[in-house]
file upload.cif (mmCIF, C-alpha atoms (C1' of nucleotides))
data_my_file
loop_
_atom_site.label_atom_id
_atom_site.label_comp_id
_atom_site.auth_asym_id
_atom_site.auth_seq_id
_atom_site.Cartn_x
_atom_site.Cartn_y
_atom_site.Cartn_z
CA MET A 1 75.71 -35.50 16.24
CA ALA A 2 76.82 -38.49 14.20
CA ASP A 3 78.20 -41.48 16.02
CA ARG A 4 81.73 -40.69 16.94
CA LYS A 5 84.55 -43.04 16.20
CA HIS A 6 85.73 -45.27 18.95
CA ILE A 7 88.42 -43.84 21.16
CA PRO A 8 89.99 -45.98 23.88
CA ASP A 9 88.57 -45.17 27.25
CA PRO A 10 92.00 -44.70 28.86
CA THR A 11 92.71 -42.11 26.20
CA LEU A 12 89.53 -40.17 26.97
CA LEU A 13 90.41 -40.15 30.65
CA ARG A 14 93.94 -38.95 29.97
CA MET A 15 92.72 -36.08 27.81
CA CYS A 16 91.38 -34.51 30.97
CA THR A 17 94.89 -34.52 32.42
CA TYR A 18 96.42 -33.12 29.26
CA LEU A 19 93.95 -30.24 29.23
CA ARG A 20 95.00 -29.34 32.73
CA VAL A 21 98.64 -29.44 31.78
CA LEU A 22 97.97 -27.11 28.86
CA GLU A 23 96.00 -24.77 31.09
CA ARG A 24 98.90 -24.35 33.46
CA HIS A 25 101.63 -24.21 30.84
CA SER A 26 103.30 -20.89 30.17
CA GLY A 27 104.76 -20.35 26.74
CA PRO A 28 103.30 -20.56 23.27
CA THR A 29 104.30 -24.12 22.43
CA ILE A 30 104.87 -27.44 24.17
CA SER A 31 106.28 -30.76 23.01
CA SER A 32 104.77 -34.19 23.53
CA ALA A 33 107.67 -34.84 25.89
CA GLY A 34 106.72 -31.76 27.87
CA ILE A 35 103.12 -32.83 28.21
CA ALA A 36 104.21 -36.35 29.07
CA GLU A 37 106.54 -35.13 31.78
CA ALA A 38 103.84 -33.03 33.44
CA ALA A 39 101.15 -35.66 33.08
CA GLY A 40 103.31 -38.56 34.21
CA VAL A 41 102.96 -40.66 31.06
CA ASN A 42 104.96 -41.79 28.05
CA ALA A 43 105.59 -39.24 25.27
CA ALA A 44 104.53 -41.65 22.52
CA GLN A 45 101.33 -42.14 24.44
CA VAL A 46 100.65 -38.43 24.35
CA ARG A 47 101.22 -38.21 20.59
CA LYS A 48 99.02 -41.21 19.91
CA ASP A 49 96.28 -39.92 22.18
CA LEU A 50 96.29 -36.50 20.54
CA SER A 51 96.35 -38.01 17.05
CA PHE A 52 92.94 -39.57 17.70
CA PHE A 53 91.50 -36.07 17.68
CA GLY A 54 93.45 -34.52 14.83
CA ASP A 55 96.89 -33.44 13.62
CA PHE A 56 97.68 -30.64 15.97
CA GLY A 57 101.46 -30.75 16.11
CA ARG A 58 104.27 -29.39 13.94
CA PRO A 59 107.41 -31.45 13.49
CA GLY A 60 110.42 -29.72 14.92
CA VAL A 61 108.29 -27.33 16.94
CA GLY A 62 105.71 -29.16 19.01
CA TYR A 63 102.14 -28.14 19.73
CA HIS A 64 100.82 -24.63 19.79
CA VAL A 65 99.21 -24.50 23.21
CA ASP A 66 96.18 -22.35 22.41
CA GLU A 67 95.49 -24.15 19.17
CA LEU A 68 95.80 -27.57 20.78
CA THR A 69 93.60 -26.62 23.72
CA ALA A 70 90.86 -25.30 21.46
CA GLY A 71 91.14 -28.26 19.10
CA VAL A 72 90.96 -30.85 21.83
CA GLN A 73 88.07 -29.14 23.59
CA ARG A 74 86.11 -28.99 20.39
CA ALA A 75 86.90 -32.57 19.41
CA MET A 76 85.85 -33.81 22.83
CA GLY A 77 82.65 -31.80 22.83
CA LEU A 78 83.85 -29.62 25.70
CA ASP A 79 83.40 -26.39 23.78
CA ARG A 80 79.79 -25.97 24.80
CA GLU A 81 77.93 -25.83 28.07
CA ARG A 82 76.28 -29.01 29.36
CA ARG A 83 73.56 -28.96 31.94
CA ALA A 84 73.48 -31.50 34.75
CA VAL A 85 71.22 -32.22 37.68
CA ILE A 86 72.31 -33.74 40.96
CA VAL A 87 70.00 -36.18 42.72
CA GLY A 88 70.76 -36.58 46.41
CA ALA A 89 71.19 -33.53 48.64
CA GLY A 90 73.43 -35.25 51.15
CA ALA A 91 77.02 -34.42 51.97
CA LEU A 92 78.38 -35.61 48.63
CA GLY A 93 75.68 -33.93 46.59
CA SER A 94 76.22 -30.62 48.29
CA ALA A 95 79.98 -30.91 47.79
CA LEU A 96 79.50 -31.48 44.08
CA ILE A 97 77.12 -28.54 43.58
CA SER A 98 79.91 -26.08 44.10
CA TYR A 99 82.78 -28.18 42.77
CA PRO A 100 84.83 -25.64 40.80
CA GLY A 101 86.13 -28.23 38.35
CA PHE A 102 82.69 -28.74 36.85
CA GLN A 103 82.15 -25.10 36.00
CA ALA A 104 85.65 -24.82 34.61
CA ARG A 105 84.94 -27.50 32.03
CA GLY A 106 81.55 -26.25 30.96
CA PHE A 107 79.37 -28.43 33.16
CA ARG A 108 76.67 -26.39 34.82
CA ILE A 109 74.49 -27.70 37.60
CA ALA A 110 70.88 -26.82 36.78
CA ALA A 111 69.29 -28.04 40.00
CA ILE A 112 69.55 -30.48 42.91
CA PHE A 113 66.81 -32.91 43.94
CA ASP A 114 66.01 -35.04 46.95
CA SER A 115 63.22 -37.44 47.76
CA ASN A 116 63.28 -36.51 51.44
CA PRO A 117 60.54 -33.91 52.11
CA ALA A 118 62.53 -32.65 55.08
CA LYS A 119 65.31 -31.54 52.73
CA VAL A 120 63.15 -30.11 49.98
CA GLY A 121 63.00 -26.33 50.08
CA HIS A 122 66.24 -25.91 51.97
CA ILE A 123 68.89 -23.77 50.37
CA LEU A 124 72.17 -25.53 49.64
CA ARG A 125 74.88 -23.16 48.41
CA SER A 126 72.30 -20.98 46.68
CA PHE A 127 70.41 -23.95 45.23
CA GLU A 128 66.96 -24.70 46.52
CA VAL A 129 66.53 -28.44 46.96
CA MET A 130 63.71 -29.57 44.65
CA PRO A 131 61.30 -32.48 45.06
CA MET A 132 61.65 -35.49 42.76
CA SER A 133 58.30 -34.67 41.20
CA GLU A 134 59.95 -31.71 39.51
CA LEU A 135 62.77 -33.67 37.94
CA ALA A 136 61.21 -34.51 34.58
CA ASN A 137 60.08 -30.92 34.16
CA THR A 138 63.48 -29.47 34.88
CA VAL A 139 65.30 -31.92 32.63
CA ALA A 140 63.02 -31.02 29.75
CA SER A 141 62.81 -27.27 30.24
CA GLU A 142 66.43 -26.67 31.20
CA ASN A 143 67.86 -28.90 28.49
CA VAL A 144 69.61 -31.16 31.00
CA THR A 145 71.63 -33.99 29.47
CA ILE A 146 73.48 -35.38 32.50
CA GLY A 147 72.23 -36.83 35.77
CA ILE A 148 74.54 -37.20 38.75
CA ILE A 149 73.46 -39.71 41.39
CA THR A 150 74.61 -39.07 44.95
CA VAL A 151 71.90 -40.90 46.89
CA PRO A 152 72.57 -43.91 49.15
CA ARG A 153 72.76 -47.35 47.54
CA VAL A 154 69.17 -48.37 48.22
CA GLY A 155 67.59 -45.52 46.29
CA ALA A 156 70.03 -45.40 43.41
CA GLN A 157 68.30 -47.71 40.93
CA ASP A 158 65.00 -45.87 41.29
CA VAL A 159 66.75 -42.58 40.70
CA ALA A 160 68.50 -44.00 37.63
CA ASP A 161 65.14 -45.13 36.27
CA THR A 162 63.63 -41.71 36.88
CA LEU A 163 66.54 -39.95 35.22
CA ALA A 164 66.43 -42.25 32.20
CA GLU A 165 62.70 -41.75 31.93
CA ALA A 166 63.15 -38.00 32.12
CA GLY A 167 65.45 -38.20 29.16
CA VAL A 168 69.01 -37.56 30.27
CA ALA A 169 71.66 -38.87 27.87
CA ALA A 170 74.18 -39.80 30.53
CA ILE A 171 74.42 -40.71 34.18
CA VAL A 172 77.34 -40.43 36.56
CA ASN A 173 76.74 -42.73 39.50
CA PHE A 174 78.42 -42.25 42.87
CA ALA A 175 76.30 -44.87 44.65
CA PRO A 176 78.09 -48.15 45.38
CA ILE A 177 75.88 -50.38 43.25
CA THR A 178 75.78 -51.74 39.72
CA LEU A 179 73.00 -49.88 37.95
CA ARG A 180 70.91 -51.04 35.00
CA VAL A 181 70.07 -48.35 32.48
CA PRO A 182 68.59 -48.38 28.99
CA PRO A 183 71.18 -48.92 26.24
CA HIS A 184 70.92 -45.37 24.93
CA VAL A 185 71.91 -43.90 28.30
CA ARG A 186 75.64 -43.63 28.90
CA LEU A 187 76.62 -44.70 32.39
CA ARG A 188 79.81 -44.09 34.30
CA ASN A 189 80.50 -45.09 37.86
CA VAL A 190 82.67 -43.35 40.41
CA ASP A 191 83.42 -45.46 43.44
CA LEU A 192 85.05 -43.56 46.27
CA THR A 193 86.03 -46.65 48.27
CA GLN A 194 87.44 -48.59 45.32
CA GLN A 195 90.67 -46.64 45.33
CA LEU A 196 91.11 -47.08 49.07
CA GLU A 197 90.45 -50.79 48.87
CA ALA A 198 92.84 -51.30 46.00
CA LEU A 199 95.40 -49.46 48.10
CA ALA A 200 94.85 -51.72 51.08
CA TYR A 201 96.21 -54.70 49.16
CA TYR A 202 99.64 -53.14 49.08
CA LEU A 203 99.66 -51.71 52.60
CA GLY A 204 101.51 -53.49 55.34
CA ASP A 205 99.94 -55.00 58.44
CA MET B 1 104.22 -57.83 55.34
CA ALA B 2 106.18 -59.41 52.53
CA ASP B 3 105.87 -57.95 49.04
CA ARG B 4 102.65 -59.19 47.60
CA LYS B 5 102.51 -60.71 44.17
CA HIS B 6 101.39 -58.54 41.33
CA ILE B 7 97.68 -58.44 40.73
CA PRO B 8 96.27 -56.52 37.76
CA ASP B 9 94.90 -53.19 38.81
CA PRO B 10 91.53 -53.76 37.09
CA THR B 11 91.21 -56.92 39.16
CA LEU B 12 91.82 -55.06 42.42
CA LEU B 13 89.19 -52.49 41.48
CA ARG B 14 86.66 -55.17 40.58
CA MET B 15 87.15 -56.97 43.90
CA CYS B 16 85.46 -54.04 45.56
CA THR B 17 82.37 -54.66 43.43
CA TYR B 18 82.41 -58.38 44.11
CA LEU B 19 82.51 -57.80 47.86
CA ARG B 20 79.42 -55.64 47.60
CA VAL B 21 77.64 -58.31 45.59
CA LEU B 22 78.49 -60.90 48.24
CA GLU B 23 77.31 -58.56 51.00
CA ARG B 24 73.90 -58.22 49.44
CA HIS B 25 73.50 -61.82 48.35
CA SER B 26 71.05 -64.00 50.23
CA GLY B 27 71.74 -67.71 50.29
CA PRO B 28 74.74 -69.77 51.36
CA THR B 29 76.40 -70.16 47.96
CA ILE B 30 76.80 -68.26 44.71
CA SER B 31 78.28 -69.20 41.33
CA SER B 32 80.73 -67.18 39.28
CA ALA B 33 77.86 -66.62 36.85
CA GLY B 34 75.77 -65.20 39.68
CA ILE B 35 78.49 -62.80 40.75
CA ALA B 36 79.14 -61.85 37.14
CA GLU B 37 75.48 -61.09 36.52
CA ALA B 38 75.21 -58.83 39.55
CA ALA B 39 78.53 -57.12 38.92
CA GLY B 40 78.02 -56.65 35.21
CA VAL B 41 81.10 -58.55 34.05
CA ASN B 42 82.06 -61.84 32.38
CA ALA B 43 81.87 -65.03 34.46
CA ALA B 44 85.31 -66.20 33.40
CA GLN B 45 86.59 -62.83 34.54
CA VAL B 46 85.15 -63.42 37.98
CA ARG B 47 86.75 -66.84 38.30
CA LYS B 48 90.13 -65.57 37.13
CA ASP B 49 89.96 -62.58 39.46
CA LEU B 50 89.09 -64.73 42.47
CA SER B 51 91.77 -67.27 41.62
CA PHE B 52 94.42 -64.60 42.15
CA PHE B 53 93.55 -64.69 45.83
CA GLY B 54 93.08 -68.41 46.38
CA ASP B 55 90.97 -71.44 45.50
CA PHE B 56 87.67 -70.55 47.06
CA GLY B 57 85.22 -72.40 44.84
CA ARG B 58 83.89 -75.94 44.66
CA PRO B 59 83.19 -77.47 41.25
CA GLY B 60 79.50 -78.22 40.81
CA VAL B 61 78.56 -76.03 43.76
CA GLY B 62 80.01 -72.57 43.46
CA TYR B 63 81.40 -70.36 46.18
CA HIS B 64 80.39 -70.44 49.81
CA VAL B 65 79.47 -66.80 50.38
CA ASP B 66 80.76 -66.37 53.94
CA GLU B 67 83.93 -68.27 53.24
CA LEU B 68 84.61 -66.32 50.06
CA THR B 69 83.91 -62.97 51.70
CA ALA B 70 86.25 -63.70 54.57
CA GLY B 71 88.91 -65.11 52.27
CA VAL B 72 88.88 -62.17 49.91
CA GLN B 73 88.88 -59.63 52.71
CA ARG B 74 91.87 -61.27 54.32
CA ALA B 75 93.75 -61.66 51.05
CA MET B 76 93.19 -58.01 50.19
CA GLY B 77 94.20 -56.79 53.62
CA LEU B 78 90.70 -55.56 54.40
CA ASP B 79 90.37 -57.62 57.55
CA ARG B 80 91.93 -54.99 59.77
CA GLU B 81 91.27 -51.38 60.51
CA ARG B 82 93.27 -48.74 58.64
CA ARG B 83 93.56 -45.18 59.88
CA ALA B 84 93.38 -42.27 57.50
CA VAL B 85 93.60 -38.51 57.77
CA ILE B 86 91.88 -36.03 55.52
CA VAL B 87 93.66 -32.82 54.58
CA GLY B 88 91.34 -30.10 53.37
CA ALA B 89 88.24 -29.17 55.37
CA GLY B 90 86.28 -27.89 52.39
CA ALA B 91 83.08 -29.27 50.97
CA LEU B 92 84.65 -32.46 49.67
CA GLY B 93 86.66 -33.13 52.80
CA SER B 94 83.64 -32.76 55.01
CA ALA B 95 81.64 -35.06 52.75
CA LEU B 96 84.31 -37.74 53.00
CA ILE B 97 84.59 -37.55 56.81
CA SER B 98 81.22 -39.13 57.21
CA TYR B 99 81.16 -41.26 54.08
CA PRO B 100 79.63 -44.52 55.28
CA GLY B 101 81.47 -46.65 52.71
CA PHE B 102 84.81 -45.96 54.37
CA GLN B 103 83.74 -47.21 57.79
CA ALA B 104 82.08 -50.25 56.25
CA ARG B 105 85.38 -51.40 54.78
CA GLY B 106 87.51 -50.77 57.81
CA PHE B 107 88.85 -47.34 56.95
CA ARG B 108 88.64 -45.02 59.92
CA ILE B 109 89.18 -41.30 59.70
CA ALA B 110 91.51 -40.29 62.52
CA ALA B 111 91.39 -36.53 61.98
CA ILE B 112 90.90 -33.73 59.50
CA PHE B 113 93.36 -30.90 58.88
CA ASP B 114 93.33 -27.53 57.20
CA SER B 115 95.94 -24.86 56.66
CA ASN B 116 93.39 -22.05 56.94
CA PRO B 117 93.43 -20.67 60.52
CA ALA B 118 89.83 -19.56 60.09
CA LYS B 119 88.76 -23.19 59.74
CA VAL B 120 90.94 -24.66 62.47
CA GLY B 121 89.02 -25.35 65.63
CA HIS B 122 85.65 -25.57 63.96
CA ILE B 123 83.69 -28.77 64.43
CA LEU B 124 82.88 -30.68 61.25
CA ARG B 125 80.57 -33.64 61.87
CA SER B 126 82.06 -34.19 65.31
CA PHE B 127 85.63 -33.74 64.11
CA GLU B 128 87.55 -30.70 65.23
CA VAL B 129 89.55 -29.27 62.34
CA MET B 130 93.22 -29.45 63.24
CA PRO B 131 96.09 -27.19 62.16
CA MET B 132 98.69 -28.60 59.77
CA SER B 133 101.31 -28.32 62.49
CA GLU B 134 99.62 -31.23 64.26
CA LEU B 135 99.69 -33.54 61.26
CA ALA B 136 102.99 -35.30 61.84
CA ASN B 137 102.08 -35.88 65.50
CA THR B 138 98.73 -37.40 64.69
CA VAL B 139 100.07 -39.63 61.94
CA ALA B 140 102.69 -41.01 64.32
CA SER B 141 100.60 -41.37 67.45
CA GLU B 142 97.39 -42.61 65.82
CA ASN B 143 99.14 -45.06 63.52
CA VAL B 144 97.80 -43.40 60.39
CA THR B 145 98.82 -45.07 57.12
CA ILE B 146 96.66 -43.23 54.58
CA GLY B 147 96.40 -39.57 53.68
CA ILE B 148 93.46 -38.22 51.71
CA ILE B 149 94.00 -34.93 49.92
CA THR B 150 90.95 -32.73 49.36
CA VAL B 151 92.59 -29.32 49.12
CA PRO B 152 92.48 -27.12 46.01
CA ARG B 153 95.02 -27.77 43.29
CA VAL B 154 97.50 -25.10 44.34
CA GLY B 155 98.11 -26.53 47.79
CA ALA B 156 98.07 -30.19 46.90
CA GLN B 157 101.76 -30.81 46.26
CA ASP B 158 102.76 -29.20 49.56
CA VAL B 159 100.22 -31.35 51.38
CA ALA B 160 101.53 -34.46 49.64
CA ASP B 161 105.06 -33.58 50.72
CA THR B 162 103.92 -33.05 54.31
CA LEU B 163 102.03 -36.35 54.35
CA ALA B 164 104.97 -38.24 52.89
CA GLU B 165 107.28 -36.63 55.40
CA ALA B 166 104.93 -37.55 58.22
CA GLY B 167 105.20 -41.17 57.13
CA VAL B 168 101.93 -42.24 55.54
CA ALA B 169 102.23 -45.30 53.31
CA ALA B 170 99.59 -44.23 50.82
CA ILE B 171 97.90 -41.13 49.47
CA VAL B 172 94.54 -40.77 47.77
CA ASN B 173 94.49 -37.52 45.86
CA PHE B 174 91.29 -35.72 44.90
CA ALA B 175 93.04 -32.57 43.70
CA PRO B 176 93.19 -32.16 39.93
CA ILE B 177 96.96 -32.26 39.57
CA THR B 178 99.71 -34.79 38.95
CA LEU B 179 101.52 -35.21 42.25
CA ARG B 180 105.12 -36.28 42.83
CA VAL B 181 105.66 -38.54 45.80
CA PRO B 182 108.58 -40.62 47.06
CA PRO B 183 108.68 -44.11 45.53
CA HIS B 184 107.73 -45.87 48.75
CA VAL B 185 104.45 -43.93 48.98
CA ARG B 186 101.56 -45.46 47.03
CA LEU B 187 99.54 -42.86 45.19
CA ARG B 188 96.08 -43.11 43.67
CA ASN B 189 94.20 -40.29 42.04
CA VAL B 190 90.47 -39.73 41.95
CA ASP B 191 89.40 -37.15 39.41
CA LEU B 192 85.80 -36.09 39.72
CA THR B 193 85.68 -34.25 36.40
CA GLN B 194 87.39 -36.98 34.38
CA GLN B 195 84.26 -39.09 34.17
CA LEU B 196 82.13 -36.15 33.11
CA GLU B 197 84.61 -35.12 30.44
CA ALA B 198 84.91 -38.61 29.04
CA LEU B 199 81.14 -38.66 28.89
CA ALA B 200 81.00 -35.39 26.97
CA TYR B 201 82.74 -36.99 24.01
CA TYR B 202 79.75 -39.22 23.39
CA LEU B 203 77.04 -36.65 24.14
CA GLY B 204 75.26 -34.96 21.29
CA ASP B 205 75.27 -31.26 20.56
"C1'" DC C 1 76.05 -82.82 35.59
"C1'" DA C 2 76.83 -78.25 37.21
"C1'" DG C 3 80.48 -75.35 37.92
"C1'" DT C 4 85.45 -74.31 39.05
"C1'" DG C 5 90.32 -73.41 37.69
"C1'" DT C 6 93.33 -72.55 33.95
"C1'" DG C 7 96.17 -72.95 29.59
"C1'" DA C 8 95.79 -70.80 25.42
"C1'" DA C 9 93.84 -67.75 22.18
"C1'" DG C 10 92.08 -63.20 21.38
"C1'" DC C 11 92.17 -58.47 21.62
"C1'" DG C 12 93.32 -53.82 22.64
"C1'" DC C 13 96.24 -50.59 24.78
"C1'" DT C 14 101.10 -49.13 25.23
"C1'" DT C 15 105.64 -48.49 23.67
"C1'" DC C 16 109.05 -48.55 20.23
"C1'" DA C 17 111.33 -46.91 16.31
"C1'" DC C 18 111.70 -44.38 12.36
"C1'" DA C 19 110.13 -41.98 8.12
"C1'" DG C 20 109.07 -37.52 7.10
"C1'" DC C 21 108.32 -32.75 7.85
"C1'" DT C 22 109.95 -28.01 9.35
"C1'" DA D 1 118.69 -31.18 14.09
"C1'" DG D 2 114.20 -31.43 16.50
"C1'" DC D 3 109.87 -33.32 16.89
"C1'" DT D 4 105.57 -35.24 15.11
"C1'" DG D 5 102.63 -39.05 13.34
"C1'" DT D 6 102.28 -43.87 12.83
"C1'" DG D 7 103.10 -48.83 11.42
"C1'" DA D 8 104.63 -52.57 13.90
"C1'" DA D 9 106.06 -54.93 17.89
"C1'" DG D 10 105.26 -55.73 22.71
"C1'" DC D 11 102.62 -56.68 26.52
"C1'" DG D 12 98.88 -57.49 29.59
"C1'" DC D 13 94.11 -57.98 30.37
"C1'" DT D 14 89.95 -60.49 28.84
"C1'" DT D 15 87.56 -64.28 27.04
"C1'" DC D 16 87.24 -68.88 25.50
"C1'" DA D 17 87.10 -73.68 26.05
"C1'" DC D 18 87.68 -77.70 28.43
"C1'" DA D 19 89.82 -80.98 31.72
"C1'" DC D 20 88.65 -81.97 36.12
"C1'" DT D 21 86.09 -82.31 40.47
"C1'" DG D 22 82.39 -83.08 43.98
#

call {"tool": "encode", "arguments": {"input": "upload.cif", "output": "structure tokens"}}
result
Amino acid sequence: MADRKHIPDPTLLRMCTYLRVLERHSGPTISSAGIAEAAGVNAAQVRKDLSFFGDFGRPGVGYHVDELTAGVQRAMGLDRERRAVIVGAGALGSALISYPGFQARGFRIAAIFDSNPAKVGHILRSFEVMPMSELANTVASENVTIGIITVPRVGAQDVADTLAEAGVAAIVNFAPITLRVPPHVRLRNVDLTQQLEALAYYLGD
Amino acid sequence: MADRKHIPDPTLLRMCTYLRVLERHSGPTISSAGIAEAAGVNAAQVRKDLSFFGDFGRPGVGYHVDELTAGVQRAMGLDRERRAVIVGAGALGSALISYPGFQARGFRIAAIFDSNPAKVGHILRSFEVMPMSELANTVASENVTIGIITVPRVGAQDVADTLAEAGVAAIVNFAPITLRVPPHVRLRNVDLTQQLEALAYYLGD
DNA sequence: CAGTGTGAAGCGCTTCACAGCT
DNA sequence: AGCTGTGAAGCGCTTCACACTG
């Protein structure tokens, strides 16, 4: 795939919301105002966001829902299956294995790994927990492009190194630490406490 | 508490990272460059962020770690315990009950609820799953200010309404839907698939 | 002299407003 | 007339640069 043109990160994140709105919308067409209303954003924002990916709309009519959905999914690279592995068979890891939202968007969990021998071999929602020694193999043979880190903070950097070495193209990190990864590996962090902390600032005594 | 002055949302989210850097730092002082390096941001950004909360630094020296930590925690309202309830005793809810990061920042889970009678009464990591009918009681008697929604999409708006009615001041929503809440209730959304989808745009074929 | 705090510049996202299409 | 796509304006966050301080 050629390098894709830059799209603002906030736009990419909003696309996810728009797709959900389209999914739940009944009727053949929808206007930017309709999407905006359901997504809780400005209508001009919706039109500008969508225009990054192509000219999907028809003046006077709006957007054809099926056409827009397909177009956006293709433009965002969501029209094919992506394989991911989860590293960390703790509570969070086992919650993510069966998270319905991943399947629905074409992300398929290929396997789950843990460095703790006591966990290896156990069955977690139909997945057998694999030892770290198998990671590189699985990534290569199962065509895995995404690594999801759900280990505690102390082990996270090692896991990131292992994943990068194994050849994943992207890492989603749930551990509360700033990871270093090679420049060709895309990294995104999800911090579960961040939102709570930001909230605390506005809460009363 | 009086209305607090506006602080940019990105700043509030970064504070969380800074606090972790301070926690792990050994030595009595640290410079903005040191924090920036560990947090992966610009040093000027760090100084500007911190200056929103007070003048903590000393020219030529840097920041006194203990003093800064305490100052930031107090300024952000993280120096006292906050009670939260989780609604949704599924995989995600049960992962969040025991999430160590919450405790570490003063967020205490008071109880977990579920509308499914089959789940009520079961013990989840030492918490007995409570029926929804108990929610308002618990919020009032346990001084709960935060509600965390981990139910599937279809039930989320009802849960948000119930939480708002019960009097929580803030809601953290993990369900993939745009919620409507009364203006006095602070709402933050955490979307687990968003990060993966945004990633997909940059992944190859 | 090392390092903070901050005015001002820079930059990018958001919103407006309207030409143009159906 | 209704609604999109978009140039331009608006606005806020980020970065720079430096006066100032211990």

call {"tool": "closest_residue", "arguments": {"input": "upload.cif", "among": "B:Pro28, B:Ile35, B:Ala43, B:Glu81", "to": "Glu67 in chain B", "atoms": "all atoms listed in the file"}}
result
B:Pro28

call {"tool": "closest_atom_pairs", "arguments": {"input": "upload.cif", "of": "chain D", "to": "chain B", "cutoff": "9 Å", "atoms": "only C-alpha atoms (C1' of nucleotides)", "output": "CSV"}}
result
residue,atom,partner,partner_atom,distance
D:DG12,C1',B:Pro8,CA,8.6
D:DC13,C1',B:Pro8,CA,7.8
D:DT14,C1',B:Gln45,CA,7.0
D:DT15,C1',B:Ala44,CA,7.0
D:DC16,C1',B:Ala44,CA,8.6
D:DC20,C1',B:Pro59,CA,8.7
D:DT21,C1',B:Pro59,CA,5.7
D:DG22,C1',B:Pro59,CA,6.3

call {"tool": "atom_distance", "arguments": {"input": "upload.cif", "atom1": "CA of Ala39 in chain B", "atom2": "CA of Leu187 in chain A"}}
result
14.2 Å

call {"tool": "closest_atom_pairs", "arguments": {"input": "upload.cif", "of": "chain A", "to": "chain B", "cutoff": "7 Å", "atoms": "all atoms listed in the file", "output": "CSV"}}
result
residue,atom,partner,partner_atom,distance
A:Met1,CA,B:Gly204,CA,5.1
A:Arg4,CA,B:Tyr202,CA,6.9
A:Leu12,CA,B:Ala198,CA,5.3
A:Leu13,CA,B:Gln194,CA,5.8
A:Cys16,CA,B:Gln194,CA,5.8
A:Ala39,CA,B:Thr178,CA,6.1
A:Met76,CA,B:Tyr201,CA,4.6
A:Gly77,CA,B:Tyr201,CA,5.3
A:Leu78,CA,B:Ala200,CA,6.6
A:Ala91,CA,B:Ala95,CA,4.7
A:Leu92,CA,B:Ala95,CA,5.3
A:Ala95,CA,B:Ala91,CA,4.7
A:Gly101,CA,B:Thr193,CA,6.3
A:Phe102,CA,B:Thr193,CA,6.3
A:Ala169,CA,B:Leu203,CA,6.9
A:Thr178,CA,B:Ala39,CA,6.1
A:Arg188,CA,B:Gln195,CA,6.7
A:Thr193,CA,B:Phe102,CA,6.3
A:Gln194,CA,B:Leu13,CA,5.7
A:Gln195,CA,B:Arg188,CA,6.7
A:Glu197,CA,B:Cys16,CA,6.8
A:Ala198,CA,B:Leu12,CA,5.3
A:Ala200,CA,B:Gly77,CA,5.7
A:Tyr201,CA,B:Met76,CA,4.6
A:Tyr202,CA,B:Arg4,CA,6.9
A:Leu203,CA,B:Ala169,CA,6.9
A:Gly204,CA,B:Met1,CA,5.1
A:Asp205,CA,B:Met1,CA,6.0

call {"tool": "write_last_selection", "arguments": {"input": "upload.cif", "atoms": "C-alpha atoms", "output": "PDB file, in the coordinates of the input"}}
result
ATOM      1  CA  MET A   1      75.710 -35.500  16.240  1.00  0.00           C
ATOM      2  CA  ARG A   4      81.730 -40.690  16.940  1.00  0.00           C
ATOM      3  CA  LEU A  12      89.530 -40.170  26.970  1.00  0.00           C
ATOM      4  CA  LEU A  13      90.410 -40.150  30.650  1.00  0.00           C
ATOM      5  CA  CYS A  16      91.380 -34.510  30.970  1.00  0.00           C
ATOM      6  CA  ALA A  39     101.150 -35.660  33.080  1.00  0.00           C
ATOM      7  CA  MET A  76      85.850 -33.810  22.830  1.00  0.00           C
ATOM      8  CA  GLY A  77      82.650 -31.800  22.830  1.00  0.00           C
ATOM      9  CA  LEU A  78      83.850 -29.620  25.700  1.00  0.00           C
ATOM     10  CA  ALA A  91      77.020 -34.420  51.970  1.00  0.00           C
ATOM     11  CA  LEU A  92      78.380 -35.610  48.630  1.00  0.00           C
ATOM     12  CA  ALA A  95      79.980 -30.910  47.790  1.00  0.00           C
ATOM     13  CA  GLY A 101      86.130 -28.230  38.350  1.00  0.00           C
ATOM     14  CA  PHE A 102      82.690 -28.740  36.850  1.00  0.00           C
ATOM     15  CA  ALA A 169      71.660 -38.870  27.870  1.00  0.00           C
ATOM     16  CA  THR A 178      75.780 -51.740  39.720  1.00  0.00           C
ATOM     17  CA  ARG A 188      79.810 -44.090  34.300  1.00  0.00           C
ATOM     18  CA  THR A 193      86.030 -46.650  48.270  1.00  0.00           C
ATOM     19  CA  GLN A 194      87.440 -48.590  45.320  1.00  0.00           C
ATOM     20  CA  GLN A 195      90.670 -46.640  45.330  1.00  0.00           C
ATOM     21  CA  GLU A 197      90.450 -50.790  48.870  1.00  0.00           C
ATOM     22  CA  ALA A 198      92.840 -51.300  46.000  1.00  0.00           C
ATOM     23  CA  ALA A 200      94.850 -51.720  51.080  1.00  0.00           C
ATOM     24  CA  TYR A 201      96.210 -54.700  49.160  1.00  0.00           C
ATOM     25  CA  TYR A 202      99.640 -53.140  49.080  1.00  0.00           C
ATOM     26  CA  LEU A 203      99.660 -51.710  52.600  1.00  0.00           C
ATOM     27  CA  GLY A 204     101.510 -53.490  55.340  1.00  0.00           C
ATOM     28  CA  ASP A 205      99.940 -55.000  58.440  1.00  0.00           C
TER      29      ASP A 205
END

call {"tool": "resolve_selection", "arguments": {"input": "upload.cif", "expression": "the PyMOL selection byres ((chain C) within 8 of (chain A))", "output": "VMD selection string"}}
result
chain C and resid 13 to 15 21 to 22

call {"tool": "closest_residue", "arguments": {"input": "upload.cif", "among": "A:Ala111, A:Ala136, A:Leu68, A:Val151", "to": "Phe56 in chain A", "atoms": "only C-alpha atoms"}}
result
A:Leu68
